[in-house]
Amino acid sequence: MDVNRREFLKIAGLSTLFGVGVNSVFQLLAPGELEASLSPLKKDRKIQWAIAVDMKKVDDRMLDKAVEACHRYHNVPKIPGHKGLKWIWKEDFEHSFPEQENSYVNEEIEKMHFPLLCNHCDNPPCCRVCPTKATFKREDGIVMMDWHRCIGCRFCMAACPYGSRSFNWGDPRRVMTDEELKKLNPDFPTNMEFPTRTKGVVEKCTFCYDRIDKGKRPICVEVANKIKEQAFIFGNILDPESDIRTVLKERFALRRKPELGTGTNIYYLI
Amino acid sequence: MLYDGAKILVGLIIGLAFFVSPFVYDAGKPYKKPEPQLTEKAKKAGECVASKAFMREWHMQLLDEWRNEVVRKGERYYRPRELARKSTLDKRLLDQWRHLVSDGTRHYIPKTDKVYYKSLQNTCLDCHSNKSKFCDECHNYLGVHPYCWNCHIAPEEKK
């Protein structure tokens with residue numbers, strides 16, 4: 001086909017007009033439809049679950065117990081090395097709050113270990129990038145995972161500033177047959193009432209959505225509070241009367257990387 | 001005449017033999033109907049969340065709907081009576097395929113006030129704890145391989 005300069009310019013011009021036109025029609029008739037997948041949360045939502053961790057009551061032994069309980073409840077196998085999975089883990093001050101790094105830090109705080117988990121952000125970057133809406137923000141503020149939909153693209157892992165997400169590099173059930181891994185996970189799956197995940201799926205803390213739906217508190221909160229009362233204060237942060245709001249009024253708290261504007265919902269009472 | 005007629009004929013015969021072999025292999029063997037078995041617990045319960053005919057043909061749609069409601073909306077409980085009124089399954093699917101619900105009565109929802117916890121692993125498999133004799137019986141017969149079990153844990157069965 002022969003196209004001379006004049007015809008080419010005509011086609012190019014019309015295509016540009018078409019592109020711009022369609023885009024404006026979308027913006028006019030269905031605003032936001034072309035945006036990335038995060039649907040804006042309703043302004044008048046009533047619930048946002050949150051945890052305030054009282055660092056004065058937390059110790060390493062308690063955190064180990066909470067981590068263990070969580071991973072057992074959710075059938076998260078122990079896999080050593082960089083293919084490991086974690087929903088909640090402990091970390092030192094420097095790595096939990098990198099932006100807080102003063103040259104000279106209070107010794108007590110410097111030695112502390114902080115429990116880290118998904119922050120169930122108000123403004124979750126993971127949900128924005130998920131191409132299948134496999135991760136999304138529930139009405140009650142939980143950043144949920146729909147493992148049925150996850151295609152394992154790991155955009156969410158790149159987007160999460162807190163490292164809260166882990167990828168299943170292999171079938172987690174291989175720990176039942178693999179000699180080495182079997183030693184670490186003798187009784188996997190540890191909870192017959194919860195599914196495992198499968199190869200190629202991203203997983204993370206779900207704030208124990210199934211327990212919350214039944215009116216129970218997340219398992220880490222339950223376990224920690226059994227060891228020391230009110231070590232983890234769980235509640236609805238949008239309710240001004242709640243325990244968590246009361247304690248946040250009284251005590252100074254840190255959040256992880258607040259400067260990013262993600263609006264995290266895990267508070268650390270110092 | 002055919003070029004290389006002999007070779008083509010031999011090829012044809014071999015091809016035909018391959019094609020016919022499964023029929024020959026299975027010829028004379030009695031047809032075995034899949035017979036999913038109920039556990040004692042399921043028999044005692046007497047009814048599922050919907051009628052047998054409905055469950056036989058629509059359990060996958062029901063499970064799909066359950067999964068979306070549970071995971072995405074946090075709706076954990078299933079009330080068969082309410083389903084008749086509100087469910088999208090009722091209107092969207094059932095009107096479309098009602099003729100397929102073949103028990104003739106059209107009463108596919110049990111008249112019960114029972115409330116079920118929507119969970120494949122904890123509710124369905126609680127009664128139907130014999131996956132190999134219940135689920136797999138038909139799935140294998142039809143050659144379908146649902147990947148539910150990649151994640152959801154089937155109860156251990158006594159041999």
# chains A, B, ... in the order shown; residues from 1 in each chain; ligands from 1

$ interface_residues --of "chain B" --to "chain A" --cutoff "12 Å" --atoms "only C-alpha atoms" --output "PyMOL selection string"
chain B and resi 64+67-77+117-126+147-156

$ residues_around --residues "region 92-98 of chain A" --least-positions-apart "3" --cutoff "7 Å" --atoms "only C-alpha atoms" --output "list in words"
Glu101, Ile109, Glu110, Lys111, Met112, His113, Phe114, Arg256 and Lys257 of chain A

$ write_last_selection --atoms "N, CA and C atoms" --output "PDB file, in the first residue's frame"
ATOM      1  N   GLU A 101      16.452   6.451  62.521  1.00  0.00           N
ATOM      2  CA  GLU A 101      17.793   6.070  62.940  1.00  0.00           C
ATOM      3  C   GLU A 101      18.604   7.268  63.412  1.00  0.00           C
ATOM      4  N   ILE A 109      15.557   0.641  73.837  1.00  0.00           N
ATOM      5  CA  ILE A 109      14.815   0.553  72.583  1.00  0.00           C
ATOM      6  C   ILE A 109      15.665  -0.078  71.492  1.00  0.00           C
ATOM      7  N   GLU A 110      16.942   0.212  71.508  1.00  0.00           N
ATOM      8  CA  GLU A 110      17.829  -0.324  70.495  1.00  0.00           C
ATOM      9  C   GLU A 110      17.845  -1.855  70.513  1.00  0.00           C
ATOM     10  N   LYS A 111      17.661  -2.410  71.710  1.00  0.00           N
ATOM     11  CA  LYS A 111      17.726  -3.873  71.841  1.00  0.00           C
ATOM     12  C   LYS A 111      16.374  -4.534  71.636  1.00  0.00           C
ATOM     13  N   MET A 112      15.329  -3.736  71.589  1.00  0.00           N
ATOM     14  CA  MET A 112      13.971  -4.295  71.490  1.00  0.00           C
ATOM     15  C   MET A 112      13.737  -5.002  70.163  1.00  0.00           C
ATOM     16  N   HIS A 113      12.866  -5.980  70.211  1.00  0.00           N
ATOM     17  CA  HIS A 113      12.399  -6.572  68.961  1.00  0.00           C
ATOM     18  C   HIS A 113      10.931  -6.238  68.763  1.00  0.00           C
ATOM     19  N   PHE A 114      10.619  -5.788  67.564  1.00  0.00           N
ATOM     20  CA  PHE A 114       9.260  -5.357  67.260  1.00  0.00           C
ATOM     21  C   PHE A 114       8.556  -6.415  66.414  1.00  0.00           C
ATOM     22  N   ARG A 256       5.233   2.526  61.227  1.00  0.00           N
ATOM     23  CA  ARG A 256       6.326   2.298  60.282  1.00  0.00           C
ATOM     24  C   ARG A 256       6.170   3.192  59.049  1.00  0.00           C
ATOM     25  N   LYS A 257       7.227   3.880  58.700  1.00  0.00           N
ATOM     26  CA  LYS A 257       7.304   4.716  57.502  1.00  0.00           C
ATOM     27  C   LYS A 257       6.063   5.578  57.267  1.00  0.00           C
TER      28      LYS A 257
END

$ residues_around --residues "Pro218 (chain A)" --least-positions-apart "6" --cutoff "7 Å" --atoms "only C-alpha atoms" --output "JSON, numbers by chain"
{"A": [207, 208, 211, 212]}

$ atom_distance --atom1 "CA of Val76 (chain A)" --atom2 "CA of Gly170 (chain A)"
12.7 Å

$ select_by_dssp --residues "region 2-157 of chain B" --states "alpha helix (DSSP H)" --output "MDAnalysis selection string"
chainID B and resid 5:26 40:45 52:68 80:86 88 95:97 125:127 135:142

$ residues_around --residues "region 25-38 of chain B" --least-positions-apart "3" --cutoff "8 Å" --atoms "only C-alpha atoms" --output "list in words"
Ser21, Pro22, Lys41, Ala42, Lys43, His128, Asn130, Lys133, Phe134, Cys135, Glu137, Cys138 and Tyr141 of chain B

$ write_last_selection --atoms "N, CA, C and O atoms" --output "PDB file, in the first residue's frame"
ATOM      1  N   SER B  21      -8.159 -48.508  19.101  1.00  0.00           N
ATOM      2  CA  SER B  21      -7.661 -49.286  20.241  1.00  0.00           C
ATOM      3  C   SER B  21      -8.405 -49.044  21.556  1.00  0.00           C
ATOM      4  O   SER B  21      -8.716 -50.005  22.257  1.00  0.00           O
ATOM      5  N   PRO B  22      -8.736 -47.796  21.921  1.00  0.00           N
ATOM      6  CA  PRO B  22      -9.459 -47.652  23.194  1.00  0.00           C
ATOM      7  C   PRO B  22     -10.802 -48.345  23.196  1.00  0.00           C
ATOM      8  O   PRO B  22     -11.232 -48.898  24.212  1.00  0.00           O
ATOM      9  N   LYS B  41     -22.585 -39.890  58.623  1.00  0.00           N
ATOM     10  CA  LYS B  41     -22.974 -38.567  59.096  1.00  0.00           C
ATOM     11  C   LYS B  41     -23.883 -37.873  58.076  1.00  0.00           C
ATOM     12  O   LYS B  41     -24.887 -37.266  58.442  1.00  0.00           O
ATOM     13  N   ALA B  42     -23.519 -38.004  56.793  1.00  0.00           N
ATOM     14  CA  ALA B  42     -24.318 -37.368  55.746  1.00  0.00           C
ATOM     15  C   ALA B  42     -25.691 -38.018  55.657  1.00  0.00           C
ATOM     16  O   ALA B  42     -26.709 -37.338  55.481  1.00  0.00           O
ATOM     17  N   LYS B  43     -25.709 -39.345  55.795  1.00  0.00           N
ATOM     18  CA  LYS B  43     -27.002 -40.055  55.739  1.00  0.00           C
ATOM     19  C   LYS B  43     -27.903 -39.597  56.866  1.00  0.00           C
ATOM     20  O   LYS B  43     -29.095 -39.384  56.693  1.00  0.00           O
ATOM     21  N   HIS B 128     -19.209 -34.805  54.186  1.00  0.00           N
ATOM     22  CA  HIS B 128     -18.685 -35.658  53.115  1.00  0.00           C
ATOM     23  C   HIS B 128     -17.190 -35.872  53.338  1.00  0.00           C
ATOM     24  O   HIS B 128     -16.363 -35.435  52.546  1.00  0.00           O
ATOM     25  N   ASN B 130     -15.565 -38.418  53.073  1.00  0.00           N
ATOM     26  CA  ASN B 130     -15.001 -39.481  52.230  1.00  0.00           C
ATOM     27  C   ASN B 130     -14.755 -38.954  50.821  1.00  0.00           C
ATOM     28  O   ASN B 130     -15.422 -39.352  49.873  1.00  0.00           O
ATOM     29  N   LYS B 133     -14.465 -41.350  47.879  1.00  0.00           N
ATOM     30  CA  LYS B 133     -15.646 -42.107  47.486  1.00  0.00           C
ATOM     31  C   LYS B 133     -16.798 -41.191  47.074  1.00  0.00           C
ATOM     32  O   LYS B 133     -17.789 -41.645  46.510  1.00  0.00           O
ATOM     33  N   PHE B 134     -16.680 -39.908  47.424  1.00  0.00           N
ATOM     34  CA  PHE B 134     -17.787 -38.999  47.132  1.00  0.00           C
ATOM     35  C   PHE B 134     -17.418 -38.051  45.994  1.00  0.00           C
ATOM     36  O   PHE B 134     -17.934 -38.178  44.881  1.00  0.00           O
ATOM     37  N   CYS B 135     -16.486 -37.163  46.236  1.00  0.00           N
ATOM     38  CA  CYS B 135     -16.110 -36.175  45.220  1.00  0.00           C
ATOM     39  C   CYS B 135     -15.459 -36.854  44.012  1.00  0.00           C
ATOM     40  O   CYS B 135     -15.863 -36.663  42.870  1.00  0.00           O
ATOM     41  N   GLU B 137     -15.376 -39.815  42.955  1.00  0.00           N
ATOM     42  CA  GLU B 137     -16.127 -40.828  42.209  1.00  0.00           C
ATOM     43  C   GLU B 137     -16.622 -40.270  40.858  1.00  0.00           C
ATOM     44  O   GLU B 137     -16.367 -40.852  39.815  1.00  0.00           O
ATOM     45  N   CYS B 138     -17.296 -39.132  40.912  1.00  0.00           N
ATOM     46  CA  CYS B 138     -17.806 -38.539  39.666  1.00  0.00           C
ATOM     47  C   CYS B 138     -16.726 -37.758  38.929  1.00  0.00           C
ATOM     48  O   CYS B 138     -16.651 -37.792  37.707  1.00  0.00           O
ATOM     49  N   TYR B 141     -14.698 -40.017  36.934  1.00  0.00           N
ATOM     50  CA  TYR B 141     -15.490 -40.582  35.841  1.00  0.00           C
ATOM     51  C   TYR B 141     -15.597 -39.592  34.682  1.00  0.00           C
ATOM     52  O   TYR B 141     -15.501 -39.949  33.513  1.00  0.00           O
TER      53      TYR B 141
END

$ residues_around --residues "Pro115 (chain A)" --least-positions-apart "2" --cutoff "10 Å" --atoms "only C-alpha atoms" --output "PyMOL selection string"
chain A and resi 53+55+58-60+62-64+66-67+88-92+96+112-113+117+220+266+268

$ write_last_selection --atoms "N, CA, C and O atoms" --output "CSV table (one decimal), in the first residue's frame"
chain,number,residue,atom,x,y,z
A,53,VAL,N,0.7,-2.2,69.7
A,53,VAL,CA,1.6,-3.1,70.4
A,53,VAL,C,2.2,-2.4,71.5
A,53,VAL,O,2.9,-1.4,71.3
A,55,MET,N,5.0,-1.9,73.7
A,55,MET,CA,6.4,-2.4,73.7
A,55,MET,C,6.9,-2.5,75.1
A,55,MET,O,7.9,-3.2,75.3
A,58,VAL,N,5.9,-6.3,75.8
A,58,VAL,CA,6.4,-7.3,74.8
A,58,VAL,C,7.8,-7.7,75.1
A,58,VAL,O,8.6,-6.9,75.4
A,59,ASP,N,8.0,-9.0,75.1
A,59,ASP,CA,9.4,-9.5,75.1
A,59,ASP,C,9.6,-10.6,74.0
A,59,ASP,O,8.6,-11.0,73.4
A,60,ASP,N,10.8,-11.0,73.8
A,60,ASP,CA,11.1,-11.9,72.7
A,60,ASP,C,10.4,-13.2,72.8
A,60,ASP,O,9.9,-13.8,71.8
A,62,MET,N,7.5,-13.8,74.1
A,62,MET,CA,6.1,-13.6,73.7
A,62,MET,C,6.0,-13.5,72.2
A,62,MET,O,5.1,-14.1,71.6
A,63,LEU,N,6.9,-12.8,71.6
A,63,LEU,CA,6.8,-12.6,70.2
A,63,LEU,C,7.0,-13.9,69.4
A,63,LEU,O,6.3,-14.3,68.5
A,64,ASP,N,8.0,-14.7,70.0
A,64,ASP,CA,8.2,-16.1,69.3
A,64,ASP,C,6.9,-16.9,69.4
A,64,ASP,O,6.5,-17.6,68.4
A,66,ALA,N,3.8,-15.8,69.6
A,66,ALA,CA,2.8,-15.2,68.7
A,66,ALA,C,3.1,-15.6,67.3
A,66,ALA,O,2.2,-16.0,66.5
A,67,VAL,N,4.3,-15.5,66.9
A,67,VAL,CA,4.7,-15.8,65.5
A,67,VAL,C,4.4,-17.3,65.2
A,67,VAL,O,3.8,-17.7,64.2
A,88,ILE,N,4.1,-12.9,60.2
A,88,ILE,CA,4.4,-12.0,61.3
A,88,ILE,C,5.8,-12.4,61.7
A,88,ILE,O,6.1,-13.6,61.7
A,89,TRP,N,6.6,-11.4,62.0
A,89,TRP,CA,8.0,-11.8,62.4
A,89,TRP,C,8.5,-10.7,63.3
A,89,TRP,O,7.9,-9.6,63.4
A,90,LYS,N,9.7,-10.9,63.9
A,90,LYS,CA,10.2,-9.9,64.8
A,90,LYS,C,11.5,-9.3,64.2
A,90,LYS,O,12.2,-10.0,63.4
A,91,GLU,N,11.7,-8.0,64.5
A,91,GLU,CA,12.7,-7.3,63.8
A,91,GLU,C,13.3,-6.2,64.8
A,91,GLU,O,12.5,-5.8,65.7
A,92,ASP,N,14.5,-5.9,64.7
A,92,ASP,CA,15.1,-4.9,65.7
A,92,ASP,C,14.7,-3.5,65.3
A,92,ASP,O,14.1,-3.2,64.2
A,96,SER,N,13.1,-1.9,61.8
A,96,SER,CA,11.7,-1.7,61.8
A,96,SER,C,11.4,-0.2,61.5
A,96,SER,O,10.4,0.1,60.8
A,112,MET,N,15.3,-3.7,71.6
A,112,MET,CA,14.0,-4.3,71.5
A,112,MET,C,13.7,-5.0,70.2
A,112,MET,O,14.3,-4.6,69.1
A,113,HIS,N,12.9,-6.0,70.2
A,113,HIS,CA,12.4,-6.6,69.0
A,113,HIS,C,10.9,-6.2,68.8
A,113,HIS,O,10.1,-6.4,69.7
A,117,LEU,N,4.1,-7.0,60.8
A,117,LEU,CA,3.1,-7.8,60.1
A,117,LEU,C,2.5,-6.8,59.1
A,117,LEU,O,2.9,-5.7,59.0
A,220,CYS,N,-2.6,-13.7,67.0
A,220,CYS,CA,-1.4,-13.1,67.6
A,220,CYS,C,-1.8,-12.3,68.8
A,220,CYS,O,-1.1,-12.4,69.9
A,266,ILE,N,-0.9,-0.4,62.3
A,266,ILE,CA,-0.2,-1.1,63.4
A,266,ILE,C,0.6,0.0,64.2
A,266,ILE,O,1.4,0.6,63.5
A,268,TYR,N,3.0,1.1,67.5
A,268,TYR,CA,4.0,0.6,68.5
A,268,TYR,C,4.1,1.6,69.6
A,268,TYR,O,4.6,2.7,69.4

$ atom_distance --atom1 "CA of Val223 (chain A)" --atom2 "CA of Leu248 (chain A)"
21.6 Å
